[in-house]
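S.K.: Structure: model_25.cif, mmCIF, N, CA and C atoms.
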data_query
#
loop_
_atom_site.label_atom_id
_atom_site.label_comp_id
_atom_site.auth_asym_id
_atom_site.auth_seq_id
_atom_site.Cartn_x
_atom_site.Cartn_y
_atom_site.Cartn_z
N MET N 378 0.83 -1.18 0.00
CA MET N 378 0.00 0.00 0.00
C MET N 378 0.88 1.25 0.00
N SER N 379 1.89 1.24 -0.81
CA SER N 379 2.81 2.37 -0.89
C SER N 379 2.21 3.48 -1.74
N LEU N 380 2.42 4.72 -1.32
CA LEU N 380 1.90 5.84 -2.07
C LEU N 380 2.81 6.21 -3.24
N GLY N 381 4.01 5.63 -3.29
CA GLY N 381 4.96 5.99 -4.33
C GLY N 381 4.82 5.18 -5.60
N THR N 382 4.08 4.10 -5.60
CA THR N 382 3.96 3.27 -6.79
C THR N 382 2.96 3.87 -7.76
N PRO N 383 3.30 3.90 -9.05
CA PRO N 383 2.36 4.45 -10.05
C PRO N 383 1.29 3.43 -10.41
N GLN N 384 0.39 3.21 -9.51
CA GLN N 384 -0.65 2.20 -9.67
C GLN N 384 -2.01 2.89 -9.73
N LYS N 385 -2.86 2.42 -10.62
CA LYS N 385 -4.19 3.02 -10.73
C LYS N 385 -5.02 2.60 -9.53
N VAL N 386 -5.48 3.59 -8.78
CA VAL N 386 -6.22 3.31 -7.55
C VAL N 386 -7.72 3.31 -7.81
N PHE N 387 -8.20 4.33 -8.51
CA PHE N 387 -9.63 4.51 -8.71
C PHE N 387 -10.08 3.96 -10.06
N SER N 388 -11.36 3.60 -10.13
CA SER N 388 -11.97 3.28 -11.41
C SER N 388 -12.35 4.60 -12.09
N GLY N 389 -12.91 4.53 -13.26
CA GLY N 389 -13.23 5.73 -14.02
C GLY N 389 -14.18 6.68 -13.32
N ILE N 390 -15.30 6.16 -12.82
CA ILE N 390 -16.30 7.02 -12.18
C ILE N 390 -15.78 7.58 -10.87
N GLN N 391 -14.99 6.78 -10.13
CA GLN N 391 -14.42 7.27 -8.88
C GLN N 391 -13.44 8.40 -9.14
N GLU N 392 -12.66 8.26 -10.19
CA GLU N 392 -11.69 9.30 -10.54
C GLU N 392 -12.40 10.60 -10.91
N VAL N 393 -13.48 10.49 -11.67
CA VAL N 393 -14.24 11.68 -12.05
C VAL N 393 -14.83 12.36 -10.82
N LEU N 394 -15.41 11.58 -9.91
CA LEU N 394 -15.99 12.15 -8.69
C LEU N 394 -14.92 12.81 -7.82
N PHE N 395 -13.74 12.20 -7.76
CA PHE N 395 -12.62 12.75 -7.00
C PHE N 395 -12.19 14.10 -7.58
N LEU N 396 -12.07 14.17 -8.90
CA LEU N 396 -11.67 15.42 -9.55
C LEU N 396 -12.73 16.51 -9.38
N VAL N 397 -14.00 16.14 -9.49
CA VAL N 397 -15.08 17.12 -9.30
C VAL N 397 -15.06 17.65 -7.87
N LEU N 398 -14.83 16.77 -6.90
CA LEU N 398 -14.74 17.20 -5.50
C LEU N 398 -13.58 18.18 -5.31
N MET N 399 -12.45 17.90 -5.94
CA MET N 399 -11.31 18.82 -5.84
C MET N 399 -11.62 20.17 -6.47
N LEU N 400 -12.25 20.17 -7.64
CA LEU N 400 -12.58 21.42 -8.32
C LEU N 400 -13.58 22.25 -7.53
N VAL N 401 -14.60 21.62 -7.00
CA VAL N 401 -15.60 22.33 -6.21
C VAL N 401 -14.95 22.91 -4.94
N THR N 402 -14.04 22.15 -4.35
CA THR N 402 -13.34 22.64 -3.16
C THR N 402 -12.49 23.85 -3.47
N VAL N 403 -11.73 23.79 -4.55
CA VAL N 403 -10.89 24.94 -4.93
C VAL N 403 -11.77 26.15 -5.20
N PHE N 404 -12.86 25.96 -5.90
CA PHE N 404 -13.78 27.06 -6.17
C PHE N 404 -14.34 27.63 -4.86
N ALA N 405 -14.76 26.76 -3.95
CA ALA N 405 -15.35 27.22 -2.68
C ALA N 405 -14.33 27.94 -1.82
N LEU N 406 -13.10 27.45 -1.81
CA LEU N 406 -12.09 28.05 -0.94
C LEU N 406 -11.53 29.35 -1.49
N LEU N 407 -11.43 29.47 -2.80
CA LEU N 407 -10.77 30.63 -3.38
C LEU N 407 -11.73 31.72 -3.84
N TYR N 408 -12.86 31.36 -4.38
CA TYR N 408 -13.70 32.33 -5.06
C TYR N 408 -14.99 32.70 -4.34
N VAL N 409 -15.41 31.93 -3.35
CA VAL N 409 -16.65 32.22 -2.64
C VAL N 409 -16.31 33.06 -1.42
N ASN N 410 -17.07 34.10 -1.20
CA ASN N 410 -16.83 35.01 -0.09
C ASN N 410 -17.52 34.49 1.17
N ILE N 411 -16.83 33.61 1.90
CA ILE N 411 -17.34 33.09 3.16
C ILE N 411 -16.28 33.29 4.23
N ASP N 412 -16.66 33.12 5.47
CA ASP N 412 -15.76 33.33 6.61
C ASP N 412 -14.60 32.33 6.58
N LEU N 413 -13.47 32.73 7.13
CA LEU N 413 -12.27 31.90 7.13
C LEU N 413 -12.50 30.57 7.85
N MET N 414 -13.24 30.57 8.93
CA MET N 414 -13.49 29.33 9.68
C MET N 414 -14.29 28.33 8.85
N TYR N 415 -15.23 28.81 8.05
CA TYR N 415 -15.97 27.92 7.17
C TYR N 415 -15.04 27.33 6.11
N LYS N 416 -14.14 28.14 5.59
CA LYS N 416 -13.18 27.65 4.58
C LYS N 416 -12.28 26.58 5.17
N ILE N 417 -11.82 26.80 6.40
CA ILE N 417 -10.98 25.80 7.06
C ILE N 417 -11.77 24.51 7.28
N GLY N 418 -13.01 24.63 7.72
CA GLY N 418 -13.85 23.45 7.93
C GLY N 418 -14.12 22.69 6.64
N ILE N 419 -14.40 23.41 5.57
CA ILE N 419 -14.64 22.78 4.27
C ILE N 419 -13.38 22.06 3.79
N GLY N 420 -12.24 22.73 3.92
CA GLY N 420 -10.98 22.12 3.50
C GLY N 420 -10.67 20.87 4.29
N ALA N 421 -10.85 20.90 5.60
CA ALA N 421 -10.58 19.74 6.44
C ALA N 421 -11.54 18.59 6.11
N MET N 422 -12.81 18.91 5.90
CA MET N 422 -13.79 17.87 5.59
C MET N 422 -13.49 17.22 4.23
N VAL N 423 -13.14 18.03 3.25
CA VAL N 423 -12.85 17.49 1.92
C VAL N 423 -11.58 16.66 1.94
N PHE N 424 -10.55 17.14 2.65
CA PHE N 424 -9.33 16.35 2.78
C PHE N 424 -9.61 15.00 3.42
N THR N 425 -10.43 14.99 4.46
CA THR N 425 -10.79 13.75 5.13
C THR N 425 -11.54 12.81 4.19
N ILE N 426 -12.48 13.34 3.43
CA ILE N 426 -13.24 12.52 2.48
C ILE N 426 -12.32 11.92 1.42
N MET N 427 -11.40 12.74 0.89
CA MET N 427 -10.48 12.24 -0.13
C MET N 427 -9.55 11.16 0.44
N PHE N 428 -9.05 11.38 1.65
CA PHE N 428 -8.18 10.41 2.28
C PHE N 428 -8.92 9.09 2.53
N LEU N 429 -10.14 9.17 3.02
CA LEU N 429 -10.93 7.95 3.27
C LEU N 429 -11.28 7.23 1.97
N MET N 430 -11.54 8.00 0.90
CA MET N 430 -11.81 7.37 -0.39
C MET N 430 -10.61 6.56 -0.87
N MET N 431 -9.43 7.16 -0.77
CA MET N 431 -8.21 6.47 -1.22
C MET N 431 -7.93 5.23 -0.37
N MET N 432 -8.06 5.36 0.95
CA MET N 432 -7.79 4.23 1.82
C MET N 432 -8.79 3.10 1.61
N ALA N 433 -10.06 3.43 1.48
CA ALA N 433 -11.08 2.40 1.27
C ALA N 433 -10.87 1.67 -0.05
N THR N 434 -10.52 2.40 -1.10
CA THR N 434 -10.30 1.78 -2.39
C THR N 434 -9.09 0.86 -2.34
N GLN N 435 -8.02 1.29 -1.69
CA GLN N 435 -6.84 0.44 -1.59
C GLN N 435 -7.11 -0.81 -0.77
N ILE N 436 -7.85 -0.67 0.31
CA ILE N 436 -8.17 -1.83 1.14
C ILE N 436 -9.04 -2.81 0.37
N LEU N 437 -10.03 -2.31 -0.37
CA LEU N 437 -10.88 -3.20 -1.16
C LEU N 437 -10.09 -3.90 -2.25
N ASN N 438 -9.15 -3.19 -2.88
CA ASN N 438 -8.31 -3.82 -3.91
C ASN N 438 -7.42 -4.90 -3.30
N GLN N 439 -6.88 -4.66 -2.11
CA GLN N 439 -6.07 -5.67 -1.44
C GLN N 439 -6.90 -6.91 -1.11
N GLN N 440 -8.09 -6.72 -0.61
CA GLN N 440 -8.95 -7.85 -0.29
C GLN N 440 -9.30 -8.64 -1.54
N LYS N 441 -9.54 -7.93 -2.64
CA LYS N 441 -9.85 -8.59 -3.91
C LYS N 441 -8.67 -9.43 -4.38
N ASP N 442 -7.45 -8.87 -4.26
CA ASP N 442 -6.25 -9.62 -4.65
C ASP N 442 -6.03 -10.83 -3.76
N GLU N 443 -6.29 -10.69 -2.46
CA GLU N 443 -6.14 -11.81 -1.53
C GLU N 443 -7.15 -12.92 -1.86
N ARG N 444 -8.38 -12.54 -2.21
CA ARG N 444 -9.38 -13.55 -2.58
C ARG N 444 -8.99 -14.28 -3.85
N LYS N 445 -8.44 -13.53 -4.82
CA LYS N 445 -7.97 -14.17 -6.04
C LYS N 445 -6.84 -15.13 -5.77
N ALA N 446 -5.90 -14.74 -4.92
CA ALA N 446 -4.77 -15.60 -4.57
C ALA N 446 -5.23 -16.84 -3.82
N ALA N 447 -6.20 -16.67 -2.93
CA ALA N 447 -6.72 -17.82 -2.17
C ALA N 447 -7.49 -18.77 -3.08
N ALA N 448 -8.24 -18.22 -4.05
CA ALA N 448 -9.00 -19.08 -4.96
C ALA N 448 -8.06 -19.78 -5.95
N GLY N 449 -6.97 -19.13 -6.31
CA GLY N 449 -6.02 -19.73 -7.24
C GLY N 449 -5.19 -20.83 -6.62
N SER N 450 -4.90 -20.74 -5.34
CA SER N 450 -4.07 -21.75 -4.68
C SER N 450 -4.89 -22.93 -4.17
N ALA N 451 -6.19 -22.78 -4.09
CA ALA N 451 -7.04 -23.86 -3.57
C ALA N 451 -7.40 -24.87 -4.63
#
For this file, produce the structure as C-alpha cells.

M.R.:
Amino acid sequence: MSLGTPQKVFSGIQEVLFLVLMLVTVFALLYVNIDLMYKIGIGAMVFTIMFLMMMATQILNQQKDERKAAAGSA
C-alpha cells in the first residue's frame, strides 16, 4: 500500500468524482466570499473525504487480490 507506486487506484467514475470534488473545493475556498473558519472546515472535511476514499479503495483492492490468490491456490 505504498503511495509511491504508479498504480491506478480509482476506477473511471471514482476518478471523475474525486476530480469534481477537488474542483468544487478549490472554487469554494478561493472564489466564494465566506468566513475563514468555514473555509478551514470545508478544507478539512474534503481532505478527510479524499483520504478515506483512497484508503477504502486500496483496502478493497487488497482484499480482492487476496481472494484471487486464495481461490487460485485452492

S.K.: Enumerate, as a PyMOL selection string, the complete set of residues in chain N that a backbone-based DSSP assignment places in alpha helix (DSSP H).

M.R.: chain N and resi 389-407+413-450

S.K.: Can you list, as a ChimeraX atom specification, every protein, DNA or RNA residue that comes within 8 Å of region 425-437 of chain N when you count all atoms listed in the file, leaving out same-chain residues fewer than 4 positions away?

M.R.: /N:378,386-387,395,419-421,441-443

S.K.: Go ahead and write the residues just picked, N, CA and C atoms, as a PDB file, keeping the file's coordinate frame.

M.R.:
ATOM      1  N   MET N 378       0.830  -1.180   0.000  1.00  0.00           N
ATOM      2  CA  MET N 378       0.000   0.000   0.000  1.00  0.00           C
ATOM      3  C   MET N 378       0.880   1.250   0.000  1.00  0.00           C
ATOM      4  N   VAL N 386      -5.480   3.590  -8.780  1.00  0.00           N
ATOM      5  CA  VAL N 386      -6.220   3.310  -7.550  1.00  0.00           C
ATOM      6  C   VAL N 386      -7.720   3.310  -7.810  1.00  0.00           C
ATOM      7  N   PHE N 387      -8.200   4.330  -8.510  1.00  0.00           N
ATOM      8  CA  PHE N 387      -9.630   4.510  -8.710  1.00  0.00           C
ATOM      9  C   PHE N 387     -10.080   3.960 -10.060  1.00  0.00           C
ATOM     10  N   PHE N 395     -13.740  12.200  -7.760  1.00  0.00           N
ATOM     11  CA  PHE N 395     -12.620  12.750  -7.000  1.00  0.00           C
ATOM     12  C   PHE N 395     -12.190  14.100  -7.580  1.00  0.00           C
ATOM     13  N   ILE N 419     -14.400  23.410   5.570  1.00  0.00           N
ATOM     14  CA  ILE N 419     -14.640  22.780   4.270  1.00  0.00           C
ATOM     15  C   ILE N 419     -13.380  22.060   3.790  1.00  0.00           C
ATOM     16  N   GLY N 420     -12.240  22.730   3.920  1.00  0.00           N
ATOM     17  CA  GLY N 420     -10.980  22.120   3.500  1.00  0.00           C
ATOM     18  C   GLY N 420     -10.670  20.870   4.290  1.00  0.00           C
ATOM     19  N   ALA N 421     -10.850  20.900   5.600  1.00  0.00           N
ATOM     20  CA  ALA N 421     -10.580  19.740   6.440  1.00  0.00           C
ATOM     21  C   ALA N 421     -11.540  18.590   6.110  1.00  0.00           C
ATOM     22  N   LYS N 441      -9.540  -7.930  -2.640  1.00  0.00           N
ATOM     23  CA  LYS N 441      -9.850  -8.590  -3.910  1.00  0.00           C
ATOM     24  C   LYS N 441      -8.670  -9.430  -4.380  1.00  0.00           C
ATOM     25  N   ASP N 442      -7.450  -8.870  -4.260  1.00  0.00           N
ATOM     26  CA  ASP N 442      -6.250  -9.620  -4.650  1.00  0.00           C
ATOM     27  C   ASP N 442      -6.030 -10.830  -3.760  1.00  0.00           C
ATOM     28  N   GLU N 443      -6.290 -10.690  -2.460  1.00  0.00           N
ATOM     29  CA  GLU N 443      -6.140 -11.810  -1.530  1.00  0.00           C
ATOM     30  C   GLU N 443      -7.150 -12.920  -1.860  1.00  0.00           C
TER      31      GLU N 443
END

S.K.: Rounded to one decimal place, report the atom N of Phe424 (chain N)-atom N of Val397 (chain N) distance in Å.

M.R.: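 Separation between atom N of Phe424 (chain N) and atom N of Val397 (chain N): 12.7 Å.
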
S.K.: Could you work out how far CA of Arg444 (chain N) lies from CA of Ser388 (chain N), giving the answer in Å with one decimal?

M.R.: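 These atoms are spaced 19.2 Å apart.
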
S.K.: Just give me the gap between atom N of Ala405 (chain N) and CA of Ile390 (chain N) in Å, one decimal is fine.

M.R.: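 Separating atom N of Ala405 (chain N) from CA of Ile390 (chain N) is a distance of 21.4 Å.
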